[in-house]
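Pasting final-v8.cif here (mmCIF, C-alpha atoms):
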data_my_file
#
loop_
_atom_site.label_atom_id
_atom_site.label_comp_id
_atom_site.auth_asym_id
_atom_site.auth_seq_id
_atom_site.Cartn_x
_atom_site.Cartn_y
_atom_site.Cartn_z
CA MET A 1 -55.45 -80.73 35.01
CA ALA A 2 -51.82 -80.04 35.87
CA ILE A 3 -51.62 -83.18 38.03
CA GLY A 4 -53.36 -85.35 35.45
CA GLU A 5 -57.01 -85.22 36.47
CA ASN A 6 -59.65 -85.15 33.73
CA PRO A 7 -61.41 -81.76 33.55
CA SER A 8 -65.08 -81.23 32.84
CA PRO A 9 -65.84 -80.51 29.15
CA PRO A 10 -66.55 -76.79 29.80
CA ASP A 11 -63.27 -76.40 31.73
CA GLU A 12 -61.31 -78.21 29.04
CA GLU A 13 -62.86 -76.03 26.34
CA HIS A 14 -62.10 -72.88 28.33
CA VAL A 15 -58.43 -73.72 28.82
CA ARG A 16 -58.15 -74.65 25.15
CA THR A 17 -59.48 -71.26 24.03
CA CYS A 18 -58.16 -68.96 26.80
CA ALA A 19 -54.53 -67.97 26.27
CA HIS A 20 -54.09 -66.73 29.85
CA CYS A 21 -55.34 -69.97 31.43
CA ALA A 22 -53.35 -72.07 28.96
CA ARG A 23 -50.13 -70.29 30.01
CA GLU A 24 -51.03 -70.74 33.68
CA LEU A 25 -51.68 -74.45 33.14
CA ASP A 26 -48.30 -74.83 31.40
CA ALA A 27 -46.59 -73.13 34.35
CA LEU A 28 -48.31 -75.41 36.85
CA ARG A 29 -47.45 -78.48 34.81
CA HIS A 30 -43.82 -77.37 34.87
CA VAL A 31 -43.92 -77.32 38.68
CA VAL A 32 -45.52 -80.78 38.78
CA LEU A 33 -42.93 -82.23 36.39
CA THR A 34 -40.11 -80.69 38.42
CA MET A 35 -41.47 -82.22 41.62
CA LYS A 36 -41.72 -85.61 39.89
CA GLY A 37 -38.02 -85.47 39.09
CA GLN A 38 -37.99 -84.76 35.36
CA PRO A 39 -34.57 -83.67 34.01
CA LEU A 40 -34.02 -79.94 34.33
CA GLN A 41 -33.29 -77.81 31.30
CA GLU A 42 -30.04 -75.88 31.07
CA GLY A 43 -30.25 -72.60 32.96
CA GLU A 44 -33.16 -73.67 35.20
CA LEU A 45 -31.04 -74.67 38.19
CA LEU A 46 -30.48 -71.44 40.11
CA PRO A 47 -28.52 -71.50 43.39
CA PRO A 48 -30.63 -70.26 46.31
CA PRO A 49 -29.31 -67.69 48.79
CA ALA A 50 -27.21 -69.17 51.61
CA ASP A 51 -29.84 -68.48 54.29
CA VAL A 52 -32.54 -70.28 52.28
CA TRP A 53 -30.23 -73.24 51.69
CA ASP A 54 -29.30 -73.44 55.38
CA SER A 55 -32.96 -73.23 56.46
CA ILE A 56 -33.94 -76.09 54.16
CA ALA A 57 -30.91 -78.13 55.23
CA SER A 58 -31.87 -77.65 58.89
CA GLU A 59 -35.45 -78.70 58.20
CA LEU A 60 -34.31 -81.86 56.39
CA ASP A 61 -31.46 -82.58 58.82
CA LEU A 62 -28.86 -82.20 56.07
CA PRO A 63 -25.36 -80.69 56.38
CA HIS A 64 -25.13 -76.95 55.81
CA GLN A 65 -22.86 -75.56 53.12
CA HIS A 66 -20.11 -74.73 55.59
CA GLU A 67 -20.21 -78.16 57.19
CA GLY A 68 -18.51 -80.10 54.39
CA ALA A 69 -15.47 -80.91 56.48
CA GLY A 70 -17.59 -82.37 59.24
CA ASP A 71 -18.53 -85.52 57.35
CA ASN A 72 -15.04 -87.03 57.44
CA ALA A 73 -14.64 -86.19 61.12
CA GLY A 74 -17.98 -87.79 61.89
CA GLU A 75 -17.02 -90.87 59.92
CA GLN A 76 -13.80 -91.16 61.92
CA ASN A 77 -15.68 -90.86 65.22
CA ARG A 78 -18.22 -93.51 64.22
CA THR A 79 -15.46 -95.95 63.19
CA GLY A 80 -13.50 -95.27 66.35
CA GLY A 81 -10.42 -93.87 64.64
CA GLN A 82 -8.96 -93.50 61.16
CA ALA A 83 -11.56 -93.83 58.43
CA SER A 84 -11.06 -96.49 55.82
CA SER A 85 -9.74 -95.55 52.40
CA SER A 86 -13.24 -95.86 50.93
CA THR A 87 -14.79 -93.42 53.41
CA PRO A 88 -14.12 -90.22 51.40
CA ALA A 89 -15.72 -91.76 48.31
CA ARG A 90 -18.78 -92.85 50.27
CA THR A 91 -18.99 -89.46 51.94
CA ARG A 92 -18.81 -87.61 48.62
CA SER A 93 -21.48 -89.91 47.18
CA ARG A 94 -23.84 -89.25 50.08
CA ARG A 95 -23.16 -85.53 49.90
CA LEU A 96 -23.81 -85.39 46.16
CA SER A 97 -27.04 -87.32 46.62
CA ARG A 98 -28.16 -84.92 49.32
CA LEU A 99 -27.22 -81.88 47.26
CA SER A 100 -29.04 -83.28 44.25
CA ARG A 101 -32.23 -83.71 46.26
CA LEU A 102 -31.81 -80.29 47.83
CA SER A 103 -31.15 -78.63 44.47
CA ARG A 104 -34.30 -80.15 43.02
CA LEU A 105 -36.27 -78.99 46.05
CA SER A 106 -34.95 -75.45 45.75
CA VAL A 107 -35.91 -75.34 42.06
CA THR A 108 -39.43 -76.46 42.96
CA LEU A 109 -39.65 -73.84 45.68
CA ALA A 110 -38.42 -71.17 43.27
CA ALA A 111 -40.98 -72.19 40.66
CA CYS A 112 -43.80 -72.11 43.21
CA ALA A 113 -42.60 -68.73 44.49
CA ALA A 114 -42.60 -67.36 40.95
CA LEU A 115 -46.19 -68.49 40.41
CA LEU A 116 -47.29 -67.06 43.74
CA GLY A 117 -45.50 -63.83 42.96
CA ALA A 118 -47.26 -63.57 39.62
CA ALA A 119 -50.62 -64.10 41.28
CA ALA A 120 -49.84 -61.63 44.06
CA GLY A 121 -48.88 -59.00 41.54
CA SER A 122 -52.20 -59.22 39.69
CA THR A 123 -54.61 -58.62 42.57
CA ILE A 124 -54.84 -58.17 46.32
CA THR A 125 -56.13 -61.41 47.82
CA TRP A 126 -57.45 -64.55 46.15
CA TRP A 127 -59.60 -67.34 47.47
CA VAL A 128 -62.00 -69.94 46.03
CA THR A 129 -65.75 -69.90 46.65
CA ARG A 130 -67.89 -72.98 47.22
CA ASP A 131 -68.76 -73.22 43.53
CA GLY A 132 -65.06 -73.15 42.60
CA THR A 133 -65.02 -69.58 41.26
CA THR A 134 -61.85 -67.62 41.90
CA VAL A 135 -62.63 -64.27 43.50
CA SER A 136 -60.52 -61.30 44.48
CA VAL A 137 -61.12 -58.51 46.95
CA ALA A 138 -60.17 -56.03 44.22
CA ASP A 139 -63.05 -57.20 41.98
CA GLY A 140 -65.73 -56.17 44.46
CA ARG A 141 -68.92 -57.87 45.57
CA ARG A 142 -70.10 -61.03 43.82
CA LEU A 143 -73.22 -60.53 41.70
CA ASP A 144 -75.90 -63.16 41.12
CA SER A 145 -75.21 -65.29 38.03
CA LEU A 146 -78.24 -65.41 35.73
CA GLN A 147 -76.52 -67.46 33.03
CA ALA A 148 -74.41 -70.59 33.38
CA ASN A 149 -70.62 -70.22 33.66
CA SER A 150 -70.81 -66.43 34.14
CA ALA A 151 -69.61 -64.63 37.28
CA GLY A 152 -69.79 -60.89 37.88
CA TYR A 153 -68.32 -58.48 40.44
CA ALA A 154 -69.01 -54.80 41.07
CA ARG A 155 -67.38 -52.10 43.19
CA LEU A 156 -68.13 -48.41 43.70
CA ASN A 157 -65.09 -46.15 44.14
CA GLY A 158 -64.64 -42.56 45.21
CA ALA A 159 -66.85 -39.93 46.77
CA SER A 160 -69.41 -37.48 45.43
CA GLY A 161 -68.08 -35.75 42.34
CA HIS A 162 -65.55 -38.48 41.53
CA ARG A 163 -67.56 -41.70 41.71
CA THR A 164 -66.78 -44.63 39.44
CA LEU A 165 -68.36 -48.03 39.11
CA THR A 166 -66.00 -50.92 38.28
CA VAL A 167 -67.67 -54.04 36.87
CA THR A 168 -65.95 -57.31 35.96
CA VAL A 169 -67.71 -60.26 34.34
CA LYS A 170 -65.99 -63.59 33.73
CA GLY A 171 -67.31 -66.34 31.51
CA LEU A 172 -69.20 -64.07 29.13
CA PRO A 173 -71.37 -65.93 26.60
CA ARG A 174 -70.63 -65.66 22.92
CA THR A 175 -72.61 -62.97 21.14
CA SER A 176 -72.63 -60.91 17.97
CA GLY A 177 -73.75 -57.94 20.07
CA TYR A 178 -72.25 -56.25 23.14
CA PHE A 179 -72.54 -56.20 26.94
CA GLU A 180 -74.11 -53.19 28.63
CA VAL A 181 -73.92 -52.14 32.29
CA TRP A 182 -77.02 -50.75 34.02
CA LEU A 183 -77.94 -49.31 37.40
CA MET A 184 -81.42 -50.36 38.62
CA ASP A 185 -83.66 -49.86 41.59
CA ARG A 186 -84.64 -52.87 43.67
CA THR A 187 -87.84 -53.41 41.70
CA HIS A 188 -85.85 -53.62 38.43
CA THR A 189 -88.35 -51.21 36.81
CA LYS A 190 -86.23 -48.06 36.86
CA LEU A 191 -82.82 -48.28 35.20
CA VAL A 192 -80.03 -46.13 33.81
CA SER A 193 -77.47 -47.19 31.20
CA MET A 194 -73.91 -46.66 32.44
CA GLY A 195 -71.77 -47.94 29.55
CA VAL A 196 -70.42 -51.14 28.02
CA LEU A 197 -67.85 -53.77 28.95
CA ASP A 198 -64.59 -53.97 27.04
CA SER A 199 -63.36 -57.08 25.24
CA LYS A 200 -61.99 -58.46 28.55
CA GLY A 201 -65.33 -58.17 30.32
CA ARG A 202 -64.36 -55.15 32.40
CA ALA A 203 -65.41 -51.50 32.67
CA THR A 204 -64.74 -48.57 34.99
CA LEU A 205 -67.58 -46.11 34.43
CA PRO A 206 -68.22 -42.61 35.86
CA VAL A 207 -71.34 -42.26 38.00
CA PRO A 208 -73.02 -38.83 37.58
CA ASN A 209 -73.87 -36.94 40.76
CA ASN A 210 -77.54 -36.77 39.85
CA ILE A 211 -77.91 -40.54 40.24
CA ASP A 212 -79.12 -41.38 43.74
CA LEU A 213 -77.28 -44.55 44.65
CA ARG A 214 -79.59 -45.14 47.58
CA GLU A 215 -82.29 -45.74 44.98
CA TYR A 216 -80.18 -47.19 42.15
CA SER A 217 -78.40 -49.81 44.21
CA VAL A 218 -78.45 -52.76 41.79
CA VAL A 219 -75.98 -53.47 38.98
CA ASP A 220 -77.11 -55.40 35.91
CA VAL A 221 -75.14 -56.55 32.86
CA SER A 222 -77.12 -57.46 29.76
CA VAL A 223 -76.45 -58.86 26.30
CA GLN A 224 -77.51 -56.25 23.77
CA PRO A 225 -78.01 -56.80 20.03
CA TYR A 226 -76.94 -54.21 17.48
CA ASN A 227 -80.50 -53.23 16.56
CA GLY A 228 -80.43 -49.52 17.26
CA LYS A 229 -82.73 -49.78 20.29
CA PRO A 230 -81.45 -48.23 23.55
CA ASP A 231 -83.74 -50.25 25.82
CA HIS A 232 -82.65 -53.16 28.00
CA SER A 233 -82.84 -56.37 25.97
CA GLY A 234 -84.28 -58.36 28.85
CA ASP A 235 -81.36 -60.81 28.58
CA SER A 236 -79.30 -60.31 31.75
CA ILE A 237 -76.05 -62.15 32.57
CA VAL A 238 -75.38 -61.04 36.15
CA ARG A 239 -77.21 -58.81 38.60
CA GLY A 240 -76.77 -57.73 42.21
CA GLN A 241 -75.62 -55.05 44.63
CA TYR A 242 -72.17 -53.52 44.30
CA ALA A 243 -69.58 -53.14 47.05
CA GLY A 244 -68.69 -49.71 48.41
#
Before we go any further, please render this structure as structure tokens.
Amino acid sequence: MAIGENPSPPDEEHVRTCAHCARELDALRHVVLTMKGQPLQEGELLPPPADVWDSIASELDLPHQHEGAGDNAGEQNRTGGQASSSTPARTRSRRLSRLSRLSRLSVTLAACAALLGAAAGSTITWWVTRDGTTVSVADGRRLDSLQANSAGYARLNGASGHRTLTVTVKGLPRTSGYFEVWLMDRTHTKLVSMGVLDSKGRATLPVPNNIDLREYSVVDVSVQPYNGKPDHSGDSIVRGQYAG
């Protein structure tokens, strides 16, 4: 979307209603516009450190900051003696053009670095699965999606006496009820309620010592109505084995 491609209707609707993704899209669009050469706003042009500037200049075969005096000397050598009176003007013009391109490049690099830094600060490692879902190591093992557009992850932390189960579900369907986390056996006939997801689709829940995780090795997240019944509704969103 940031580079102008048309999104699918579900993606467009998600970005329209998700404040986090809308901010991320705006940031990416800013990078794209900067790379396309749109005028920079006041205060956006930050000088890079000298070593960064010199590295970029070397890569692009441009003069380094301390090489300003070399242009006139080079011009004299190429002309076989004294440079013409118009040489300094032409040299300054070329230098300004180079610096302009280099300044724009450094702003783009800074913007990209800021985005990467923001992503790096929010999780450990990110990659994209075959179905286009963004996954992180910190989220745990991917659960099977039982409803469209939903993706769940589960991870067991700690040892006996201090065990917690962290569950994250993205793309939760709309409901007037709530989302409950269960531990099940492999036959899905024995289950224990662990707790509910918060408004962001996440929960870190204590696991009592009397639950045998060798038997209860499956995580399930269900949509539950507010009907006063403690049983599983039979309407599961994601299900699978947790990591850890």
Residues near Arg155 in chain A, cut-off 8 Å, only C-alpha atoms, skip fewer than 2 positions along chain, as a ChimeraX atom specification: /A:139-141,153,157,165-167,242-244
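Relative to CA of Leu146 in chain A, CA of Leu172 in chain A is found at 11.3 Å.
Residue nearest Glu180 in chain A, chosen from A:Arg239, A:His14, A:Arg23, A:Arg163 and counting all atoms listed in the file: A:Arg239.
In this structure, CA of Leu156 in chain A sits 9.3 Å away from CA of Thr204 in chain A.
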Residue IDs satisfying the PyMOL selection byres ((chain A and resi 241) around 7), as a list in words: Leu143, Ser217, Val218, Val219, Gly240, Tyr242 and Ala243 of chain A
Coordinates-based distance that separates CA of Met184 in chain A from CA of Ser199 in chain A (Å, one decimal): 23.5 Å
Reference answer for the PyMOL selection byres ((chain A and resi 223-225) around 9), as a list of chain:residue names: A:Pro173, A:Thr175, A:Ser176, A:Gly177, A:Tyr178, A:Phe179, A:Glu180, A:Val221, A:Ser222, A:Tyr226, A:Asn227, A:Gly228, A:Lys229, A:Pro230, A:Asp231, A:His232, A:Ser233, A:Gly234, A:Asp235, A:Ser236, A:Ile237
Polymer residues at most 9 Å from (-78.8, -46.6, 45.1) by only C-alpha atoms, as an MDAnalysis selection string: chainID A and resid 183:186 211:218
